[in-house]
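These notes concern the structure reproduced below.
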4 protein chains.
Amino acid sequence: MDYSIFLRLINSNMIQNSVVRISCPDAKGLVHKITGVFYFNDLNVISNQEFVEPESLHFYMRSEMSGLVDREKIINGLKGILPKEADISLNIKRKKKIVILVTKEHHCVSELLIRNYFGELNAEILAIIGNHDGLKNLCSRFGVSFHYITADNISREQHEQMVISKISDYSPDFIVLAKYMRILTAGFVKHYPNKIINIHHSFLPAFIGANPYKQAYLRGVKIIGATAHFVNDDLDEGPIIKQDVLHVDHTHSWQEMAQAGRDVEKLVLAKALKLVFNDNVFVSGNKTVILE
Amino acid sequence: MDYSIFLRLINSNMIQNSVVRISCPDAKGLVHKITGVFYFNDLNVISNQEFVEPESLHFYMRSEMSGLVDREKIINGLKGILPKEADISLNIKRKKKIVILVTKEHHCVSELLIRNYFGELNAEILAIIGNHDGLKNLCSRFGVSFHYITADNISREQHEQMVISKISDYSPDFIVLAKYMRILTAGFVKHYPNKIINIHHSFLPAFIGANPYKQAYLRGVKIIGATAHFVNDDLDEGPIIKQDVLHVDHTHSWQEMAQAGRDVEKLVLAKALKLVFNDNVFVSGNKTVILE
Amino acid sequence: MDYSIFLRLINSNMIQNSVVRISCPDAKGLVHKITGVFYFNDLNVISNQEFVEPESLHFYMRSEMSGLVDREKIINGLKGILPKEADISLNIKRKKKIVILVTKEHHCVSELLIRNYFGELNAEILAIIGNHDGLKNLCSRFGVSFHYITADNISREQHEQMVISKISDYSPDFIVLAKYMRILTAGFVKHYPNKIINIHHSFLPAFIGANPYKQAYLRGVKIIGATAHFVNDDLDEGPIIKQDVLHVDHTHSWQEMAQAGRDVEKLVLAKALKLVFNDNVFVSGNKTVILE
Amino acid sequence: MDYSIFLRLINSNMIQNSVVRISCPDAKGLVHKITGVFYFNDLNVISNQEFVEPESLHFYMRSEMSGLVDREKIINGLKGILPKEADISLNIKRKKKIVILVTKEHHCVSELLIRNYFGELNAEILAIIGNHDGLKNLCSRFGVSFHYITADNISREQHEQMVISKISDYSPDFIVLAKYMRILTAGFVKHYPNKIINIHHSFLPAFIGANPYKQAYLRGVKIIGATAHFVNDDLDEGPIIKQDVLHVDHTHSWQEMAQAGRDVEKLVLAKALKLVFNDNVFVSGNKTVILE
């Protein structure tokens with residue numbers, strides 16, 4: 001085998017299997033001009049989706065390409081034809097790195113650990129941090145580091161500082177709140193813009209706050225749900241990535257609603273993460289644009 | 001044909017195809033005692049459902065029977081074995097009588113008119129009242145009376161008084177708000193306890209109030225819904241009968257959400273009404289118990 | 001008002017609000033080249049979707065444009081850059097013209113008549129043909145022509161010939177089988193390639209043939225469904241456009257399954273037609289590609 | 001603590017938290033008579049469901065009771081009032097014992113192992129048998145015995161005999177086929193009537209046989225599904241317990257359908273098992289009656 005080609009690849013910034021993401025104000029001919037850059041660089045576009053948000057007239061485009069990519073040349077080519085304020089990224093497709101925060105409930109982190117173990121997560125779980133230690137044994141069964149950081153006897157800020165410090169040891173791409181039952185301060189959230197994904201156990205914006213299943217039971221709803229969203233500001237208020245629901249009836253106690261809801265929660269979180277890890281999700285103000 | 005049997009039926013208070021509904025505090029042996037009354041009256045029970053609400057320990061039971069029923073004897077038999085505060089009803093199965101209130105949107109009332117026309121509604125539409133007259137032509141095509149009562153230039157109370165007066169001409173069993181876009185006063189609602197069914201164009205309790213689809217769009221939800229409920233108090237707050245949902249994404253403008261939502265609205269309303277008209281729905285505080 | 005612009009439009013083949021549909025073998029740079037034709041003709045592309053079928057490597061693209069279009073120039077421009085075998089259409093957006101075939105059941109045709117009446121169908125119902133006359137009264141209420149063509153005492157071919165003859169009076173874009181309970185011959189179907197849309201009352205390919213709800217009941221399924229599809233060959237075998245389902249349980253008789261299924265059938269048909277009438281549906285062998 | 005009560009319990013056949021299941025030809029007064037046996041034995045009925053299959057006029061009833069139960073007395077009491085051919089069971093509520101058969105795919109067995117580990121399965125996994133050994137490592141992480149019984153170089157009958165022999169070491173209540181990709185002989189199946197539960201990766205009866213996702217892809221369906229069912233006869237033909245579905249479109253390859261379908265499969269299987277393990281499922285010919 002001739003390794004010189006790989007050396008040339010490294011030397012020339014050329015990479016394989018990449019995703020280009022562009023967002024900018026809309027203008028006439030954008031698709032033509034952008035695909036022109038791809039075409040004249042002899043790229044093989046596998047798939048291509050674009051969307052113009054009608055209210056803001058903002059343009060979003062995601063292109064997936066196979067073959068060798070000269071990163072600098074493409075980026076410069078795109079900069080030459082796009083407005084200055086355009087947000088352009090070109091990334092080789094790779095497994096994202098994540099840290100997961102948990103409390104006591106296992107169902108979401110179990111789902112992620114299993115997918116991670118079988119290589120189906122499109123991410124690598126670097127570590128799991130718990131403010132309780134009940135899930136340590138589960139993590140150890142899968143050989144994943146578990147860090148117990150109790151919040152007892154310290155202030156919220158002190159606890160968050162310890163969590164931030166531990167996260168920084170791993171430099172993850174994303175932080176996943178897999179039923180992490182603590183309210184995060186604005187200070188914590190600002191560290192990780194568009195990088196924290198939470199699963200909320202209700203169909204947001206219904207039942208914001210504590211014990212949504214009990215709230216749902218008391219209101220007598222006939223459907224319960226779960227919501228995966230970015231945490232950028234107040235908890236339960238960020239851009240929604242994925243939602244799903246489940247029919248219930250008068251025979252369900254709120255504990256039974258919670259039990260049934262767990263299956264929805266874990267799948268909604270897993271599906272949202274799949275989209276995020278595959279670079280399908282754009283944040284557009286308080287909403288998401290999902291190009292897949 | 002020998003008509004004497006019919007005369008005997010009328011004379012003896014005996015009726016066919018009936019539903020017994022019982023609600024009372026729970027006690028040991030209730031099902032045994034109640035079914036005993038049926039058994040010793042030689043009734044053929046087609047179906048039978050019971051439920052005990054765990055929080056209130058309240059017992060609900062619905063029994064459907066074919067064959068001849070001696071109303072007085074059954075009621076007295078049940079009174080003899082049930083607690084004093086028991087709520088007992090025994091009704092022959094029959095089409096309910098309804099009046100529908102509308103504004104401008106047609107989809108819900110169209111659905112009900114079609115079902116009414118083909119005898120599938122398990123109810124008879126006595127009349128339709130609109131605060132706009134745009135749906136008059138549709139109603140006349142089906143030979144259903146339409147009363148236009150404008151709210152222009154009169155107070156809310158005056159308008160409601162006119163509507164109440166018109167409703168009273170028909171003595172309906174139920175009043176259906178088929179996209180009636182006016183807020184009802186507590187005074188109006190009190191006239192018809194557990195008798196007004198509304199369709200709300202959101203997945204309650206999310207997006208209470210005006211223009212829920214626009215609210216949903218602005219919040220960036222990935223699912224929209226509709227809720228049919230009794231109106232007993234504040235609008236949008238009564239016992240929920242039926243809910244259903246629809247997946248949406250970033251490509252939906254709020255107008256497109258509204259358009260797609262209409263199909264959900266009309267079916268949720270139709271299904272809720274089917275349950276109500278079939279005597280399946282018990283109101284239990286702010287919730288419904290549905291025995292079918 | 002200056003009418004000369006309209007005359008110029010007519011004279012120069014220029015039209016407004018158009019849809020371009022292209023299908024051809026895939027090749028590098030197709031999107032760039034096609035959008036180039038749009039760009040250099042100064043067209044305002046509202047939306048644009050493309051798809052490459054991985055098995056056949058066939059390319060599909062749908063573009064919607066506002067503004068004035070020089071039909072001949074665009075078509076010629078596209079022909080210049082596309083392979084010879086490319087299938088290209090450029091159509092002004094307009095209401096499609098349809099003829100509906102029915103038998104006895106009303107729910108699907110009722111849904112279409114209501115939508116037609118309120119201008120929500122994106123089509124115009126030219127006429128309804130029934131092999132029974134039970135739905136004549138309904139049609140007359142909406143002022144739609146109803147033609148009763150009985151199949152009694154004549155051969156299948158004779159009957160179809162009469163139906164074809166009546167359809168030809170109207171030259172419709174599409175023929176909708178709204179619970180038309182007769183098997184069509186290959187001869188009939190060949191007259192209208194990709195032009196006949198049927199609603200089948202099962203989740204195809206389960207329960208092909210007669211009385212699918214009874215088949216479903218006897219098999220003890222927990223879900224029933226409906227399928228809207230093109231009829232190109234054998235009934236129940238053409239390209240599927242839309243499917244949806246409904247949960248059932250052991251308490252449903254097959255008649256109750258049929259009753260519950262009607263709501264699914266009528267909405268699946270309505271949604272499939274919306275896609276077809278909006279030029280979103282491409283037929284790709286025995287499958288559909290839906291670009292919306 | 002006074003242990004004499006436990007000795008008395010054991011001596012007198014009295015047990016706690018029990019489920020009575022009755023099936024027999026329907027007759028007037030059955031509910032009254034059965035609940036009479038409960039009432040005069042001073043039992044506290046928590047919940048009670050009955051159903052009469054309209055075609056066969058067969059009666060099914062499930063009653064759940066708290067408190068001490070004199071097994072012999074209750075059974076004799078019920079025998080005294082029920083027809084001779086009645087099928088009566090009275091069982092203390094307990095975790096069922098299961099053996100799981102697997103091949104290569106992990107998603108279903110992973111789901112069950114996780115639930116088992118956290119005590120949420122209402123069953124105990126005694127052992128897992130694989131005709132491949134790829135899942136051995138996973139099982140060992142959860143401390144569950146894995147037996148590798150290859151089918152290489154032996155006949156189907158020989159292999160089944162080895163599997164039956166291994167199963168008999170554990171005497172399980174149920175055998176779960178968690179993506180066991182081998183066809184079972186009639187001989188094998190007869191050993192375990194109503195005791196084998198399979199998950200089939202299609203919406204049965206569509207796509208019986210090998211590679212249903214590929215079949216679904218080639219047919220161009222817009223919905224795929226999964227079916228959990230008893231295996232009593234031919235594979236894919238037994239009484240259906242639970243089904244669910246997932247929407248797909250033209251962009252899904254059959255491999256992507258398979259991937260997306262796995263989430264549905266594992267939840268459908270888990271939900272079906274919950275019903276079976278909770279004694280909610282009656283087999284009625286080729287159908288199931290589910291009383292919960």
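Letters A, B, ... go to the chains of the structure tokens in the order shown; residues in each chain start at 1; ligands are counted from 1 in the same order.
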
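Proximity to chain B at a cut-off of 8 Å picks out Ser110, Ile114, Arg141, Phe142, Asp263 and Leu267 of chain C on chain C, counting only C-alpha atoms.
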
What would the file look like if the residues just selected were written as a PDB file, in the first residue's frame with all heavy atoms?
```
ATOM      1  N   SER C 110     -67.704  12.586   1.040  1.00  0.00           N
ATOM      2  CA  SER C 110     -68.180  13.699   1.869  1.00  0.00           C
ATOM      3  C   SER C 110     -67.027  14.630   2.223  1.00  0.00           C
ATOM      4  O   SER C 110     -67.140  15.862   2.121  1.00  0.00           O
ATOM      5  CB  SER C 110     -68.815  13.183   3.168  1.00  0.00           C
ATOM      6  OG  SER C 110     -70.026  12.518   2.924  1.00  0.00           O
ATOM      7  N   ILE C 114     -66.871  18.559   1.012  1.00  0.00           N
ATOM      8  CA  ILE C 114     -66.774  19.679   1.952  1.00  0.00           C
ATOM      9  C   ILE C 114     -65.541  20.530   1.630  1.00  0.00           C
ATOM     10  O   ILE C 114     -65.606  21.759   1.562  1.00  0.00           O
ATOM     11  CB  ILE C 114     -66.702  19.158   3.403  1.00  0.00           C
ATOM     12  CG1 ILE C 114     -68.073  18.658   3.870  1.00  0.00           C
ATOM     13  CG2 ILE C 114     -66.163  20.235   4.349  1.00  0.00           C
ATOM     14  CD1 ILE C 114     -69.048  19.745   4.245  1.00  0.00           C
ATOM     15  N   ARG C 141     -76.766  18.335  -3.035  1.00  0.00           N
ATOM     16  CA  ARG C 141     -76.739  19.392  -2.016  1.00  0.00           C
ATOM     17  C   ARG C 141     -75.559  20.332  -2.215  1.00  0.00           C
ATOM     18  O   ARG C 141     -75.581  21.481  -1.773  1.00  0.00           O
ATOM     19  CB  ARG C 141     -76.674  18.780  -0.612  1.00  0.00           C
ATOM     20  CG  ARG C 141     -78.025  18.260  -0.168  1.00  0.00           C
ATOM     21  CD  ARG C 141     -78.003  17.548   1.151  1.00  0.00           C
ATOM     22  NE  ARG C 141     -79.317  16.956   1.373  1.00  0.00           N
ATOM     23  CZ  ARG C 141     -80.288  17.552   2.063  1.00  0.00           C
ATOM     24  NH1 ARG C 141     -80.080  18.729   2.624  1.00  0.00           N
ATOM     25  NH2 ARG C 141     -81.463  16.984   2.191  1.00  0.00           N
ATOM     26  N   PHE C 142     -74.497  19.828  -2.830  1.00  0.00           N
ATOM     27  CA  PHE C 142     -73.328  20.667  -3.076  1.00  0.00           C
ATOM     28  C   PHE C 142     -73.253  21.109  -4.528  1.00  0.00           C
ATOM     29  O   PHE C 142     -72.249  21.660  -4.965  1.00  0.00           O
ATOM     30  CB  PHE C 142     -72.048  19.907  -2.694  1.00  0.00           C
ATOM     31  CG  PHE C 142     -71.874  19.771  -1.210  1.00  0.00           C
ATOM     32  CD1 PHE C 142     -72.156  18.586  -0.564  1.00  0.00           C
ATOM     33  CD2 PHE C 142     -71.451  20.859  -0.463  1.00  0.00           C
ATOM     34  CE1 PHE C 142     -72.001  18.473   0.804  1.00  0.00           C
ATOM     35  CE2 PHE C 142     -71.294  20.754   0.909  1.00  0.00           C
ATOM     36  CZ  PHE C 142     -71.574  19.553   1.543  1.00  0.00           C
ATOM     37  N   ASP C 263     -62.542   7.104   9.601  1.00  0.00           N
ATOM     38  CA  ASP C 263     -61.908   8.393   9.870  1.00  0.00           C
ATOM     39  C   ASP C 263     -60.470   8.412   9.356  1.00  0.00           C
ATOM     40  O   ASP C 263     -59.988   9.436   8.869  1.00  0.00           O
ATOM     41  CB  ASP C 263     -61.902   8.694  11.376  1.00  0.00           C
ATOM     42  CG  ASP C 263     -63.286   9.010  11.895  1.00  0.00           C
ATOM     43  OD1 ASP C 263     -64.156   9.376  11.087  1.00  0.00           O
ATOM     44  OD2 ASP C 263     -63.505   8.887  13.117  1.00  0.00           O
ATOM     45  N   LEU C 267     -59.045  10.792   5.928  1.00  0.00           N
ATOM     46  CA  LEU C 267     -57.927  11.722   6.082  1.00  0.00           C
ATOM     47  C   LEU C 267     -56.709  11.287   5.283  1.00  0.00           C
ATOM     48  O   LEU C 267     -55.990  12.123   4.728  1.00  0.00           O
ATOM     49  CB  LEU C 267     -57.561  11.888   7.560  1.00  0.00           C
ATOM     50  CG  LEU C 267     -58.526  12.725   8.395  1.00  0.00           C
ATOM     51  CD1 LEU C 267     -57.897  13.071   9.733  1.00  0.00           C
ATOM     52  CD2 LEU C 267     -58.942  14.004   7.680  1.00  0.00           C
TER      53      LEU C 267
END
```

Margin query: I'd like to know which residues of range 50-199 of chain C are alpha helix (DSSP H) (by DSSP, run on the backbone); could you write them as a PyMOL selection string?
Written below: chain C and resi 71-81+107-117+136-141+156-168+186-190

Would you save the residues of that selection, restricted to N, CA and C atoms, as a compact mmCIF listing (two decimals), in the first residue's frame?
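This is the output file again_34.txt:
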```txt
# COMPACT_ATOMS: atom_id res chain seq x y z
N ARG C 71 -41.64 30.20 -20.27
CA ARG C 71 -41.72 28.76 -20.30
C ARG C 71 -40.71 28.14 -21.27
N GLU C 72 -40.75 28.62 -22.48
CA GLU C 72 -39.93 28.02 -23.53
C GLU C 72 -38.44 28.16 -23.23
N LYS C 73 -38.11 29.33 -22.72
CA LYS C 73 -36.70 29.62 -22.45
C LYS C 73 -36.17 28.72 -21.32
N ILE C 74 -37.00 28.57 -20.30
CA ILE C 74 -36.60 27.72 -19.16
C ILE C 74 -36.44 26.28 -19.61
N ILE C 75 -37.45 25.78 -20.31
CA ILE C 75 -37.42 24.39 -20.76
C ILE C 75 -36.21 24.15 -21.65
N ASN C 76 -35.98 25.06 -22.55
CA ASN C 76 -34.81 24.90 -23.43
C ASN C 76 -33.51 24.97 -22.65
N GLY C 77 -33.46 25.87 -21.70
CA GLY C 77 -32.27 25.97 -20.85
C GLY C 77 -32.02 24.67 -20.11
N LEU C 78 -33.09 24.09 -19.58
CA LEU C 78 -32.93 22.84 -18.84
C LEU C 78 -32.53 21.70 -19.77
N LYS C 79 -33.16 21.66 -20.94
CA LYS C 79 -32.81 20.61 -21.90
C LYS C 79 -31.33 20.67 -22.26
N GLY C 80 -30.81 21.88 -22.31
CA GLY C 80 -29.42 22.06 -22.68
C GLY C 80 -28.43 21.48 -21.69
N ILE C 81 -28.84 21.37 -20.44
CA ILE C 81 -27.86 20.91 -19.43
C ILE C 81 -28.21 19.54 -18.86
N HIS C 107 -68.18 8.43 3.39
CA HIS C 107 -67.26 9.23 4.22
C HIS C 107 -66.13 9.88 3.43
N CYS C 108 -65.58 9.18 2.44
CA CYS C 108 -64.47 9.78 1.67
C CYS C 108 -64.97 10.89 0.75
N VAL C 109 -66.06 10.61 0.04
CA VAL C 109 -66.54 11.63 -0.89
C VAL C 109 -67.12 12.82 -0.13
N SER C 110 -67.70 12.59 1.04
CA SER C 110 -68.18 13.70 1.87
C SER C 110 -67.03 14.63 2.22
N GLU C 111 -65.94 14.03 2.67
CA GLU C 111 -64.76 14.82 3.03
C GLU C 111 -64.29 15.67 1.85
N LEU C 112 -64.29 15.08 0.66
CA LEU C 112 -63.81 15.81 -0.52
C LEU C 112 -64.81 16.88 -0.94
N LEU C 113 -66.09 16.59 -0.83
CA LEU C 113 -67.12 17.58 -1.20
C LEU C 113 -67.04 18.80 -0.29
N ILE C 114 -66.87 18.56 1.01
CA ILE C 114 -66.77 19.68 1.95
C ILE C 114 -65.54 20.53 1.63
N ARG C 115 -64.41 19.88 1.41
CA ARG C 115 -63.18 20.63 1.11
C ARG C 115 -63.32 21.38 -0.22
N ASN C 116 -63.96 20.74 -1.17
CA ASN C 116 -64.20 21.38 -2.47
C ASN C 116 -65.09 22.61 -2.30
N TYR C 117 -66.13 22.47 -1.49
CA TYR C 117 -67.09 23.54 -1.28
C TYR C 117 -66.41 24.78 -0.68
N LYS C 136 -76.38 10.28 -4.60
CA LYS C 136 -76.82 11.34 -5.51
C LYS C 136 -77.33 12.57 -4.75
N ASN C 137 -78.14 12.29 -3.72
CA ASN C 137 -78.72 13.38 -2.96
C ASN C 137 -77.64 14.25 -2.30
N LEU C 138 -76.64 13.59 -1.72
CA LEU C 138 -75.53 14.33 -1.11
C LEU C 138 -74.86 15.25 -2.12
N CYS C 139 -74.57 14.71 -3.29
CA CYS C 139 -73.88 15.51 -4.32
C CYS C 139 -74.72 16.70 -4.75
N SER C 140 -76.00 16.46 -4.88
CA SER C 140 -76.86 17.55 -5.34
C SER C 140 -76.90 18.68 -4.32
N ARG C 141 -76.77 18.34 -3.04
CA ARG C 141 -76.74 19.39 -2.02
C ARG C 141 -75.56 20.33 -2.21
N ARG C 156 -68.63 -6.50 -17.22
CA ARG C 156 -67.67 -5.59 -16.60
C ARG C 156 -67.10 -4.63 -17.65
N GLU C 157 -66.79 -5.17 -18.84
CA GLU C 157 -66.19 -4.34 -19.88
C GLU C 157 -67.18 -3.29 -20.37
N GLN C 158 -68.43 -3.71 -20.54
CA GLN C 158 -69.45 -2.74 -20.97
C GLN C 158 -69.59 -1.61 -19.94
N HIS C 159 -69.62 -2.00 -18.68
CA HIS C 159 -69.77 -0.98 -17.63
C HIS C 159 -68.58 -0.02 -17.65
N GLU C 160 -67.39 -0.58 -17.72
CA GLU C 160 -66.20 0.27 -17.73
C GLU C 160 -66.21 1.20 -18.94
N GLN C 161 -66.68 0.67 -20.08
CA GLN C 161 -66.72 1.50 -21.26
C GLN C 161 -67.62 2.71 -21.05
N MET C 162 -68.75 2.48 -20.37
CA MET C 162 -69.68 3.58 -20.09
C MET C 162 -69.04 4.58 -19.12
N VAL C 163 -68.30 4.07 -18.15
CA VAL C 163 -67.64 4.96 -17.20
C VAL C 163 -66.56 5.78 -17.91
N ILE C 164 -65.75 5.09 -18.73
CA ILE C 164 -64.70 5.80 -19.48
C ILE C 164 -65.29 6.89 -20.36
N SER C 165 -66.39 6.54 -21.00
CA SER C 165 -67.05 7.50 -21.88
C SER C 165 -67.51 8.73 -21.10
N LYS C 166 -68.08 8.49 -19.93
CA LYS C 166 -68.54 9.62 -19.10
C LYS C 166 -67.37 10.44 -18.60
N ILE C 167 -66.30 9.76 -18.18
CA ILE C 167 -65.11 10.48 -17.71
C ILE C 167 -64.56 11.37 -18.83
N SER C 168 -64.58 10.84 -20.05
CA SER C 168 -63.98 11.59 -21.16
C SER C 168 -64.74 12.88 -21.44
N ALA C 186 -57.45 -4.37 -16.32
CA ALA C 186 -56.18 -3.79 -16.78
C ALA C 186 -56.44 -2.78 -17.89
N GLY C 187 -57.45 -3.06 -18.70
CA GLY C 187 -57.77 -2.16 -19.79
C GLY C 187 -58.17 -0.78 -19.29
N PHE C 188 -59.00 -0.75 -18.26
CA PHE C 188 -59.43 0.53 -17.69
C PHE C 188 -58.23 1.29 -17.15
N VAL C 189 -57.44 0.58 -16.37
CA VAL C 189 -56.32 1.21 -15.67
C VAL C 189 -55.32 1.82 -16.66
N LYS C 190 -55.10 1.11 -17.79
CA LYS C 190 -54.11 1.59 -18.77
C LYS C 190 -54.49 2.93 -19.39
```
